[in-house]
>>> print(open('input-v3.pdb').read())   # PDB, C-alpha atoms, pLDDT in the B column
ATOM      1  CA  MET R   1     -11.262  51.901  41.481  1.00 51.00           C
ATOM      2  CA  ARG R   2     -13.759  51.444  38.719  1.00 60.00           C
ATOM      3  CA  ASN R   3     -15.666  48.249  38.554  1.00 66.00           C
ATOM      4  CA  TYR R   4     -15.213  45.825  35.724  1.00 67.00           C
ATOM      5  CA  ARG R   5     -17.728  46.148  32.940  1.00 74.00           C
ATOM      6  CA  PHE R   6     -18.149  43.467  30.352  1.00 76.00           C
ATOM      7  CA  ASN R   7     -17.233  44.704  26.894  1.00 83.00           C
ATOM      8  CA  PRO R   8     -17.423  42.097  24.113  1.00 88.00           C
ATOM      9  CA  ILE R   9     -15.316  44.041  21.620  1.00 92.00           C
ATOM     10  CA  ILE R  10     -12.336  44.445  23.950  1.00 90.00           C
ATOM     11  CA  LEU R  11     -12.619  40.860  25.133  1.00 89.00           C
ATOM     12  CA  THR R  12     -12.797  39.418  21.610  1.00 92.00           C
ATOM     13  CA  VAL R  13      -9.912  41.480  20.268  1.00 93.00           C
ATOM     14  CA  SER R  14      -7.743  40.665  23.273  1.00 92.00           C
ATOM     15  CA  CYS R  15      -8.453  36.959  23.050  1.00 90.00           C
ATOM     16  CA  ALA R  16      -7.656  37.061  19.340  1.00 94.00           C
ATOM     17  CA  VAL R  17      -4.394  38.983  19.703  1.00 95.00           C
ATOM     18  CA  SER R  18      -3.069  37.277  22.833  1.00 94.00           C
ATOM     19  CA  PRO R  19      -2.060  33.941  21.221  1.00 94.00           C
ATOM     20  CA  PHE R  20      -0.089  35.738  18.528  1.00 96.00           C
ATOM     21  CA  ILE R  21       1.835  37.709  21.140  1.00 95.00           C
ATOM     22  CA  MET R  22       2.468  34.430  22.924  1.00 95.00           C
ATOM     23  CA  VAL R  23       3.814  32.758  19.784  1.00 95.00           C
ATOM     24  CA  PHE R  24       6.038  35.754  19.133  1.00 95.00           C
ATOM     25  CA  GLY R  25       7.304  35.530  22.713  1.00 95.00           C
ATOM     26  CA  LEU R  26       8.191  31.872  22.224  1.00 94.00           C
ATOM     27  CA  TYR R  27       9.908  32.796  18.955  1.00 94.00           C
ATOM     28  CA  VAL R  28      11.970  35.436  20.731  1.00 94.00           C
ATOM     29  CA  VAL R  29      12.966  32.976  23.459  1.00 94.00           C
ATOM     30  CA  PHE R  30      13.954  30.162  21.120  1.00 93.00           C
ATOM     31  CA  HIS R  31      15.492  32.362  18.439  1.00 91.00           C
ATOM     32  CA  GLY R  32      17.815  34.160  20.833  1.00 89.00           C
ATOM     33  CA  HIS R  33      20.723  32.235  19.306  1.00 90.00           C
ATOM     34  CA  TYR R  34      20.299  33.872  15.916  1.00 91.00           C
ATOM     35  CA  SER R  35      18.686  37.241  16.436  1.00 89.00           C
ATOM     36  CA  PRO R  36      18.280  39.872  19.125  1.00 89.00           C
ATOM     37  CA  GLY R  37      16.251  38.457  21.947  1.00 86.00           C
ATOM     38  CA  GLY R  38      16.528  35.862  24.636  1.00 87.00           C
ATOM     39  CA  GLY R  39      14.949  34.875  27.872  1.00 89.00           C
ATOM     40  CA  PHE R  40      14.249  38.275  29.383  1.00 93.00           C
ATOM     41  CA  GLN R  41      12.674  39.783  26.284  1.00 93.00           C
ATOM     42  CA  GLY R  42      10.688  36.680  25.380  1.00 94.00           C
ATOM     43  CA  GLY R  43       9.488  36.249  28.939  1.00 94.00           C
ATOM     44  CA  THR R  44       8.265  39.834  28.958  1.00 95.00           C
ATOM     45  CA  LEU R  45       6.301  39.219  25.754  1.00 95.00           C
ATOM     46  CA  LEU R  46       4.723  36.079  27.209  1.00 95.00           C
ATOM     47  CA  ALA R  47       3.774  38.027  30.316  1.00 95.00           C
ATOM     48  CA  ALA R  48       2.285  40.763  28.114  1.00 95.00           C
ATOM     49  CA  ALA R  49       0.069  38.188  26.406  1.00 94.00           C
ATOM     50  CA  LEU R  50      -1.174  36.909  29.759  1.00 93.00           C
ATOM     51  CA  LEU R  51      -1.670  40.395  31.208  1.00 93.00           C
ATOM     52  CA  LEU R  52      -3.675  41.497  28.152  1.00 93.00           C
ATOM     53  CA  VAL R  53      -6.268  38.843  28.865  1.00 91.00           C
ATOM     54  CA  ARG R  54      -6.155  39.706  32.572  1.00 89.00           C
ATOM     55  CA  LEU R  55      -6.853  43.352  31.797  1.00 88.00           C
ATOM     56  CA  ALA R  56      -9.571  42.678  29.253  1.00 89.00           C
ATOM     57  CA  ALA R  57     -11.472  39.828  30.864  1.00 85.00           C
ATOM     58  CA  GLY R  58     -11.038  40.692  34.509  1.00 81.00           C
ATOM     59  CA  PHE R  59      -9.208  38.825  37.205  1.00 80.00           C
ATOM     60  CA  ASP R  60     -11.704  36.034  37.825  1.00 81.00           C
ATOM     61  CA  ILE R  61     -12.150  34.915  34.203  1.00 83.00           C
ATOM     62  CA  ALA R  62      -8.415  35.121  33.564  1.00 84.00           C
ATOM     63  CA  GLN R  63      -7.892  32.508  36.274  1.00 86.00           C
ATOM     64  CA  LEU R  64      -8.977  29.965  33.658  1.00 87.00           C
ATOM     65  CA  GLN R  65      -5.915  30.825  31.609  1.00 87.00           C
ATOM     66  CA  PHE R  66      -3.205  31.228  34.225  1.00 89.00           C
ATOM     67  CA  LYS R  67      -4.020  30.619  37.848  1.00 88.00           C
ATOM     68  CA  ARG R  68      -2.832  33.183  40.325  1.00 87.00           C
ATOM     69  CA  ILE R  69      -1.364  30.539  42.594  1.00 88.00           C
ATOM     70  CA  LEU R  70       0.982  29.427  39.793  1.00 89.00           C
ATOM     71  CA  GLY R  71       2.912  32.694  39.634  1.00 88.00           C
ATOM     72  CA  THR R  72       5.534  32.435  42.352  1.00 90.00           C
ATOM     73  CA  PRO R  73       6.129  28.651  42.069  1.00 93.00           C
ATOM     74  CA  LEU R  74       6.709  28.916  38.298  1.00 93.00           C
ATOM     75  CA  GLY R  75       9.211  31.705  38.912  1.00 93.00           C
ATOM     76  CA  SER R  76      11.066  29.467  41.324  1.00 94.00           C
ATOM     77  CA  VAL R  77      10.977  26.655  38.772  1.00 95.00           C
ATOM     78  CA  GLY R  78      12.556  28.986  36.215  1.00 94.00           C
ATOM     79  CA  VAL R  79      15.413  29.830  38.547  1.00 94.00           C
ATOM     80  CA  LEU R  80      15.781  26.131  39.366  1.00 95.00           C
ATOM     81  CA  VAL R  81      16.032  25.284  35.648  1.00 94.00           C
ATOM     82  CA  TYR R  82      18.918  27.731  35.335  1.00 94.00           C
ATOM     83  CA  PHE R  83      20.562  26.545  38.530  1.00 94.00           C
ATOM     84  CA  GLY R  84      19.960  22.901  37.620  1.00 93.00           C
ATOM     85  CA  THR R  85      21.669  23.349  34.259  1.00 93.00           C
ATOM     86  CA  GLY R  86      24.738  24.709  35.990  1.00 92.00           C
ATOM     87  CA  PHE R  87      24.561  22.046  38.654  1.00 92.00           C
ATOM     88  CA  LEU R  88      24.208  19.243  36.088  1.00 92.00           C
ATOM     89  CA  ALA R  89      27.420  20.416  34.451  1.00 91.00           C
ATOM     90  CA  MET R  90      29.103  20.469  37.834  1.00 91.00           C
ATOM     91  CA  VAL R  91      27.909  16.982  38.782  1.00 92.00           C
ATOM     92  CA  SER R  92      29.164  15.474  35.539  1.00 90.00           C
ATOM     93  CA  GLY R  93      32.688  16.645  36.066  1.00 87.00           C
ATOM     94  CA  GLY R  94      33.024  20.276  35.030  1.00 85.00           C
ATOM     95  CA  GLN R  95      32.687  23.603  36.728  1.00 88.00           C
ATOM     96  CA  PHE R  96      29.423  25.238  37.711  1.00 90.00           C
ATOM     97  CA  LEU R  97      27.709  26.615  34.587  1.00 88.00           C
ATOM     98  CA  ASN R  98      30.342  25.136  32.274  1.00 89.00           C
ATOM     99  CA  TYR R  99      27.915  23.809  29.677  1.00 90.00           C
ATOM    100  CA  GLY R 100      30.612  21.887  27.844  1.00 87.00           C
ATOM    101  CA  PHE R 101      30.319  19.137  30.467  1.00 88.00           C
ATOM    102  CA  LEU R 102      26.569  18.565  30.198  1.00 88.00           C
ATOM    103  CA  PRO R 103      25.885  14.811  30.147  1.00 88.00           C
ATOM    104  CA  PHE R 104      24.248  14.451  26.731  1.00 86.00           C
ATOM    105  CA  ALA R 105      25.870  11.934  24.426  1.00 83.00           C
ATOM    106  CA  GLY R 106      26.555  12.448  20.758  1.00 84.00           C
ATOM    107  CA  ILE R 107      26.969  16.228  20.725  1.00 86.00           C
ATOM    108  CA  THR R 108      30.199  18.104  20.340  1.00 89.00           C
ATOM    109  CA  GLU R 109      31.345  20.433  23.083  1.00 88.00           C
ATOM    110  CA  ALA R 110      30.341  23.515  21.123  1.00 89.00           C
ATOM    111  CA  GLY R 111      26.931  21.972  20.482  1.00 90.00           C
ATOM    112  CA  LEU R 112      26.593  21.249  24.185  1.00 91.00           C
ATOM    113  CA  ARG R 113      27.313  24.884  24.937  1.00 91.00           C
ATOM    114  CA  SER R 114      24.643  25.949  22.455  1.00 92.00           C
ATOM    115  CA  LEU R 115      22.185  23.545  24.114  1.00 92.00           C
ATOM    116  CA  GLY R 116      23.103  24.810  27.571  1.00 92.00           C
ATOM    117  CA  ILE R 117      22.460  28.389  26.490  1.00 93.00           C
ATOM    118  CA  LEU R 118      19.020  27.333  25.206  1.00 93.00           C
ATOM    119  CA  MET R 119      18.144  25.588  28.495  1.00 93.00           C
ATOM    120  CA  VAL R 120      19.231  28.624  30.449  1.00 93.00           C
ATOM    121  CA  GLU R 121      17.183  30.962  28.262  1.00 94.00           C
ATOM    122  CA  ILE R 122      14.089  28.816  28.761  1.00 94.00           C
ATOM    123  CA  GLY R 123      14.563  29.054  32.510  1.00 94.00           C
ATOM    124  CA  VAL R 124      14.949  32.823  32.353  1.00 94.00           C
ATOM    125  CA  GLY R 125      11.873  33.215  30.147  1.00 94.00           C
ATOM    126  CA  LEU R 126       9.742  31.079  32.465  1.00 94.00           C
ATOM    127  CA  ALA R 127      10.843  32.986  35.552  1.00 95.00           C
ATOM    128  CA  VAL R 128      10.328  36.430  34.019  1.00 95.00           C
ATOM    129  CA  MET R 129       6.876  35.554  32.688  1.00 94.00           C
ATOM    130  CA  ALA R 130       5.658  34.065  35.976  1.00 94.00           C
ATOM    131  CA  ILE R 131       7.085  36.809  38.168  1.00 95.00           C
ATOM    132  CA  LEU R 132       5.637  39.647  36.078  1.00 94.00           C
ATOM    133  CA  VAL R 133       2.178  38.086  36.202  1.00 93.00           C
ATOM    134  CA  ALA R 134       2.577  37.411  39.934  1.00 92.00           C
ATOM    135  CA  ILE R 135       3.510  41.042  40.624  1.00 92.00           C
ATOM    136  CA  TYR R 136       0.424  42.200  38.715  1.00 90.00           C
ATOM    137  CA  ASP R 137      -1.767  39.841  40.720  1.00 88.00           C
ATOM    138  CA  ASP R 138      -0.254  40.984  43.995  1.00 87.00           C
ATOM    139  CA  LEU R 139      -0.797  44.628  43.092  1.00 85.00           C
ATOM    140  CA  LEU R 140      -4.408  43.842  42.285  1.00 82.00           C
ATOM    141  CA  ASP R 141      -5.006  42.177  45.607  1.00 75.00           C
ATOM    142  CA  GLY R 142      -7.679  43.860  47.666  1.00 63.00           C
ATOM    143  CA  TYR R 143      -9.659  45.109  44.684  1.00 61.00           C
ATOM    144  CA  PRO R 144     -12.024  42.205  44.330  1.00 56.00           C
ATOM    145  CA  ASN R 145     -14.172  43.570  41.526  1.00 53.00           C
ATOM    146  CA  ASP R 146     -11.505  44.069  38.925  1.00 49.00           C
TER     147      ASP R 146
ATOM    148  CA  MET G   1      20.074  73.889  53.733  1.00 86.00           C
ATOM    149  CA  LYS G   2      18.453  74.184  50.339  1.00 91.00           C
ATOM    150  CA  ILE G   3      21.433  76.115  49.038  1.00 94.00           C
ATOM    151  CA  VAL G   4      23.849  73.458  50.285  1.00 95.00           C
ATOM    152  CA  ASN G   5      21.780  70.752  48.605  1.00 95.00           C
ATOM    153  CA  GLY G   6      21.708  72.668  45.340  1.00 95.00           C
ATOM    154  CA  LEU G   7      25.437  73.327  45.445  1.00 96.00           C
ATOM    155  CA  LEU G   8      26.110  69.659  46.138  1.00 96.00           C
ATOM    156  CA  LEU G   9      23.940  68.654  43.175  1.00 96.00           C
ATOM    157  CA  VAL G  10      25.675  71.108  40.851  1.00 97.00           C
ATOM    158  CA  ALA G  11      29.106  69.987  42.060  1.00 97.00           C
ATOM    159  CA  PHE G  12      28.231  66.324  41.547  1.00 97.00           C
ATOM    160  CA  GLY G  13      26.863  67.037  38.084  1.00 97.00           C
ATOM    161  CA  ALA G  14      30.010  68.923  37.170  1.00 97.00           C
ATOM    162  CA  LEU G  15      32.086  65.988  38.428  1.00 97.00           C
ATOM    163  CA  LEU G  16      30.098  63.545  36.288  1.00 96.00           C
ATOM    164  CA  ILE G  17      30.421  65.753  33.193  1.00 96.00           C
ATOM    165  CA  HIS G  18      34.142  66.098  33.795  1.00 95.00           C
ATOM    166  CA  ALA G  19      34.458  62.314  34.148  1.00 94.00           C
ATOM    167  CA  SER G  20      32.471  61.695  30.966  1.00 93.00           C
ATOM    168  CA  LEU G  21      34.910  63.857  28.997  1.00 91.00           C
ATOM    169  CA  GLY G  22      37.573  61.245  29.679  1.00 86.00           C
ATOM    170  CA  LEU G  23      35.602  58.445  28.005  1.00 87.00           C
ATOM    171  CA  PRO G  24      36.784  57.291  24.574  1.00 85.00           C
ATOM    172  CA  ASP G  25      34.849  58.387  21.500  1.00 85.00           C
ATOM    173  CA  ARG G  26      32.089  56.152  20.209  1.00 83.00           C
ATOM    174  CA  GLY G  27      33.499  53.661  17.715  1.00 79.00           C
ATOM    175  CA  ASP G  28      37.101  54.558  18.457  1.00 81.00           C
ATOM    176  CA  ALA G  29      39.093  51.490  17.429  1.00 78.00           C
ATOM    177  CA  ASP G  30      42.107  52.492  19.503  1.00 80.00           C
ATOM    178  CA  ALA G  31      40.216  52.753  22.772  1.00 81.00           C
ATOM    179  CA  VAL G  32      41.655  50.839  25.713  1.00 78.00           C
ATOM    180  CA  MET G  33      38.842  48.313  25.880  1.00 75.00           C
ATOM    181  CA  PHE G  34      39.300  47.249  22.249  1.00 76.00           C
ATOM    182  CA  ARG G  35      43.025  46.674  22.450  1.00 79.00           C
ATOM    183  CA  GLU G  36      44.541  43.226  22.334  1.00 81.00           C
ATOM    184  CA  LYS G  37      46.375  43.854  25.579  1.00 82.00           C
ATOM    185  CA  SER G  38      45.107  45.764  28.544  1.00 78.00           C
ATOM    186  CA  PRO G  39      47.391  48.469  30.008  1.00 79.00           C
ATOM    187  CA  ALA G  40      48.468  45.965  32.650  1.00 82.00           C
ATOM    188  CA  GLY G  41      49.683  43.593  29.933  1.00 81.00           C
ATOM    189  CA  SER G  42      47.022  40.890  30.253  1.00 82.00           C
ATOM    190  CA  PRO G  43      45.067  39.837  27.139  1.00 82.00           C
ATOM    191  CA  GLY G  44      41.875  41.837  26.567  1.00 79.00           C
ATOM    192  CA  ALA G  45      38.518  40.140  27.008  1.00 82.00           C
ATOM    193  CA  SER G  46      36.519  41.733  24.204  1.00 81.00           C
ATOM    194  CA  SER G  47      38.793  40.655  21.376  1.00 82.00           C
ATOM    195  CA  TYR G  48      38.743  37.111  22.760  1.00 86.00           C
ATOM    196  CA  TYR G  49      34.942  37.121  22.757  1.00 88.00           C
ATOM    197  CA  ILE G  50      34.712  38.476  19.220  1.00 86.00           C
ATOM    198  CA  ARG G  51      37.161  35.900  17.882  1.00 87.00           C
ATOM    199  CA  ASN G  52      36.010  32.818  19.755  1.00 89.00           C
ATOM    200  CA  ALA G  53      32.287  33.193  20.458  1.00 89.00           C
ATOM    201  CA  TYR G  54      31.171  31.165  17.459  1.00 90.00           C
ATOM    202  CA  ARG G  55      33.954  28.613  17.779  1.00 90.00           C
ATOM    203  CA  ASP G  56      33.165  27.988  21.448  1.00 88.00           C
ATOM    204  CA  ALA G  57      29.379  27.776  21.367  1.00 87.00           C
ATOM    205  CA  GLU G  58      28.235  27.436  17.714  1.00 88.00           C
ATOM    206  CA  THR G  59      25.856  30.333  18.252  1.00 89.00           C
ATOM    207  CA  PRO G  60      25.872  33.196  15.742  1.00 90.00           C
ATOM    208  CA  ASN G  61      24.609  35.767  18.225  1.00 90.00           C
ATOM    209  CA  MET G  62      27.684  36.886  20.124  1.00 91.00           C
ATOM    210  CA  VAL G  63      25.660  38.778  22.713  1.00 91.00           C
ATOM    211  CA  THR G  64      23.762  35.646  23.708  1.00 92.00           C
ATOM    212  CA  VAL G  65      26.992  33.708  24.111  1.00 92.00           C
ATOM    213  CA  ILE G  66      28.476  36.413  26.317  1.00 92.00           C
ATOM    214  CA  LEU G  67      25.338  36.800  28.436  1.00 91.00           C
ATOM    215  CA  ALA G  68      24.470  33.162  28.953  1.00 90.00           C
ATOM    216  CA  ASP G  69      27.803  31.386  28.694  1.00 90.00           C
ATOM    217  CA  TYR G  70      30.826  33.549  29.429  1.00 91.00           C
ATOM    218  CA  ARG G  71      28.891  35.646  31.926  1.00 90.00           C
ATOM    219  CA  GLY G  72      26.562  32.925  33.162  1.00 90.00           C
ATOM    220  CA  TYR G  73      26.938  33.854  36.811  1.00 92.00           C
ATOM    221  CA  ASP G  74      25.821  37.392  36.055  1.00 93.00           C
ATOM    222  CA  THR G  75      22.612  36.248  34.362  1.00 93.00           C
ATOM    223  CA  LEU G  76      21.913  33.816  37.189  1.00 94.00           C
ATOM    224  CA  GLY G  77      22.186  36.740  39.585  1.00 93.00           C
ATOM    225  CA  GLU G  78      19.840  38.857  37.455  1.00 93.00           C
ATOM    226  CA  GLU G  79      17.250  36.134  37.445  1.00 94.00           C
ATOM    227  CA  THR G  80      17.564  35.771  41.203  1.00 94.00           C
ATOM    228  CA  VAL G  81      17.005  39.515  41.549  1.00 95.00           C
ATOM    229  CA  ILE G  82      13.767  39.222  39.557  1.00 94.00           C
ATOM    230  CA  LEU G  83      12.608  36.291  41.678  1.00 94.00           C
ATOM    231  CA  THR G  84      13.433  38.250  44.831  1.00 94.00           C
ATOM    232  CA  ALA G  85      11.410  41.220  43.579  1.00 93.00           C
ATOM    233  CA  GLY G  86       8.456  38.939  42.956  1.00 92.00           C
ATOM    234  CA  LEU G  87       8.732  37.367  46.384  1.00 92.00           C
ATOM    235  CA  ILE G  88       8.975  40.770  48.084  1.00 92.00           C
ATOM    236  CA  CYS G  89       5.845  41.947  46.234  1.00 90.00           C
ATOM    237  CA  PHE G  90       4.148  38.742  47.315  1.00 88.00           C
ATOM    238  CA  LEU G  91       5.074  39.330  50.952  1.00 88.00           C
ATOM    239  CA  LEU G  92       4.304  43.046  51.081  1.00 87.00           C
ATOM    240  CA  LEU G  93       1.221  43.399  48.936  1.00 83.00           C
ATOM    241  CA  ARG G  94      -0.691  40.234  49.595  1.00 74.00           C
ATOM    242  CA  ARG G  95      -3.436  40.757  52.102  1.00 67.00           C
ATOM    243  CA  GLU G  96      -6.514  38.917  53.143  1.00 60.00           C
ATOM    244  CA  ARG G  97      -9.647  40.028  51.415  1.00 55.00           C
ATOM    245  CA  THR G  98     -11.803  41.969  53.822  1.00 54.00           C
ATOM    246  CA  ASP G  99     -15.332  43.240  53.496  1.00 53.00           C
ATOM    247  CA  ARG G 100     -16.412  46.748  54.387  1.00 54.00           C
ATOM    248  CA  GLY G 101     -16.729  46.050  58.101  1.00 56.00           C
ATOM    249  CA  GLY G 102     -13.147  44.891  58.280  1.00 56.00           C
ATOM    250  CA  LYS G 103     -14.109  41.282  58.788  1.00 56.00           C
ATOM    251  CA  LYS G 104     -12.253  38.690  56.818  1.00 54.00           C
ATOM    252  CA  SER G 105     -14.397  36.983  54.220  1.00 50.00           C
ATOM    253  CA  LEU G 106     -13.322  33.626  52.959  1.00 50.00           C
ATOM    254  CA  LYS G 107     -15.169  33.902  49.663  1.00 49.00           C
ATOM    255  CA  ALA G 108     -13.026  35.747  47.186  1.00 49.00           C
ATOM    256  CA  GLY G 109     -14.760  39.022  46.894  1.00 46.00           C
ATOM    257  CA  ALA G 110     -18.011  38.074  45.241  1.00 47.00           C
ATOM    258  CA  ASP G 111     -20.046  40.081  47.730  1.00 45.00           C
ATOM    259  CA  ALA G 112     -17.504  42.648  48.873  1.00 44.00           C
ATOM    260  CA  GLN G 113     -18.060  46.023  47.264  1.00 44.00           C
ATOM    261  CA  LEU G 114     -15.531  48.815  47.293  1.00 44.00           C
TER     262      LEU G 114
END
>>> encode(input="input-v3.pdb", output="structure tokens")
Amino acid sequence: MRNYRFNPIILTVSCAVSPFIMVFGLYVVFHGHYSPGGGFQGGTLLAAALLLVRLAAGFDIAQLQFKRILGTPLGSVGVLVYFGTGFLAMVSGGQFLNYGFLPFAGITEAGLRSLGILMVEIGVGLAVMAILVAIYDDLLDGYPND
Amino acid sequence: MKIVNGLLLVAFGALLIHASLGLPDRGDADAVMFREKSPAGSPGASSYYIRNAYRDAETPNMVTVILADYRGYDTLGEETVILTAGLICFLLLRRERTDRGGKKSLKAGADAQL
């Protein structure tokens, strides 16, 4: 395992490119209704943005951006967002994951389904992003200088 | 033993190739899965999705509607699989940071050299 060496060019370019990848990831998540994409793909892009900084700046500096301890809990939160959407529909009178019964007033049933799909995609994107970063961190464990 | 393994592999490959010859051609409009009625007489799923995806969910992307709405359970399971993979990595790969003598050091690796 080679030790981390500070390289300003790599660090600067990574820090400049990473936010754009992140914005594109958010675009892919939220534009899944109209174009190819969705939670899995967008979450992978978000994770790529985080991992780029982790690779370029080293593990310890990258903790400022996304703490290692956040990985697994955020993944669980993503799954809970998905499950909670389905459960909310069930509590308010429908079947599990039947988004037409979501309790938001003033939206037609088709609109409610569209909204439910968006909530679900956000949950998937959050879980995929957090879990990919968490797996990278776990793999890195035991190599303290990188 | 090696010969038996090789013969088994060849036989299985031949079986798969033979099975793939029975698949419908790509883009064949008369294939079973694109028909209005399945061979058993029940209405086919794919034509329902194509007709009603926008009407049901006001979402132009049919694939998203199928993945997240009609097949919501499936996507929930996929996400659970990803979470499980992350948890298994967490359980298997996480280990306490040790220094060269094998003693556990509480400080995160500032003085431990590999």
>>> resolve_selection(input="input-v3.pdb", expression="the PyMOL selection byres ((chain G) within 6 of (chain R))", output="list in words")
Asp56, Ala57, Glu58, Thr59, Pro60, Asn61, Ala68, Gly86, Phe90, Leu93, Arg94, Arg97 and Gly109 of chain G
>>> resolve_selection(input="input-v3.pdb", expression="the PyMOL selection byres ((chain R and resi 48) around 9)", output="PyMOL selection string")
chain R and resi 18+21-22+43-47+49-53+129+132-133
>>> atom_distance(input="input-v3.pdb", atom1="atom CA of G:Arg35", atom2="atom CA of G:Ala19")
21.3 Å
>>> atom_distance(input="input-v3.pdb", atom1="atom CA of R:Val77", atom2="atom CA of G:Glu79")
11.4 Å
>>> atom_distance(input="input-v3.pdb", atom1="atom CA of R:Met90", atom2="atom CA of R:Leu102")
8.3 Å
>>> axis_aligned_box(input="input-v3.pdb", around="stretch 53-71 of chain G", padding_each_side="8 Å", output="JSON")
{"center_x": 28.9, "center_y": 33.1, "center_z": 23.8, "size_x": 26.2, "size_y": 27.3, "size_z": 32.2}
>>> residues_around(input="input-v3.pdb", residues="R:Asn7", least_positions_apart="4", cutoff="10 Å", atoms="all atoms listed in the file", output="PDB file with C-alpha atoms, in the frame of the given file")
ATOM      1  CA  LEU R  11     -12.619  40.860  25.133  1.00 89.00           C
ATOM      2  CA  THR R  12     -12.797  39.418  21.610  1.00 92.00           C
ATOM      3  CA  ALA R  56      -9.571  42.678  29.253  1.00 89.00           C
ATOM      4  CA  ALA R  57     -11.472  39.828  30.864  1.00 85.00           C
TER       5      ALA R  57
END
>>> closest_residue(input="input-v3.pdb", among="G:Arg55, G:Leu83, G:Asn5, G:Ser46", to="G:Val32", atoms="only C-alpha atoms")
G:Ser46
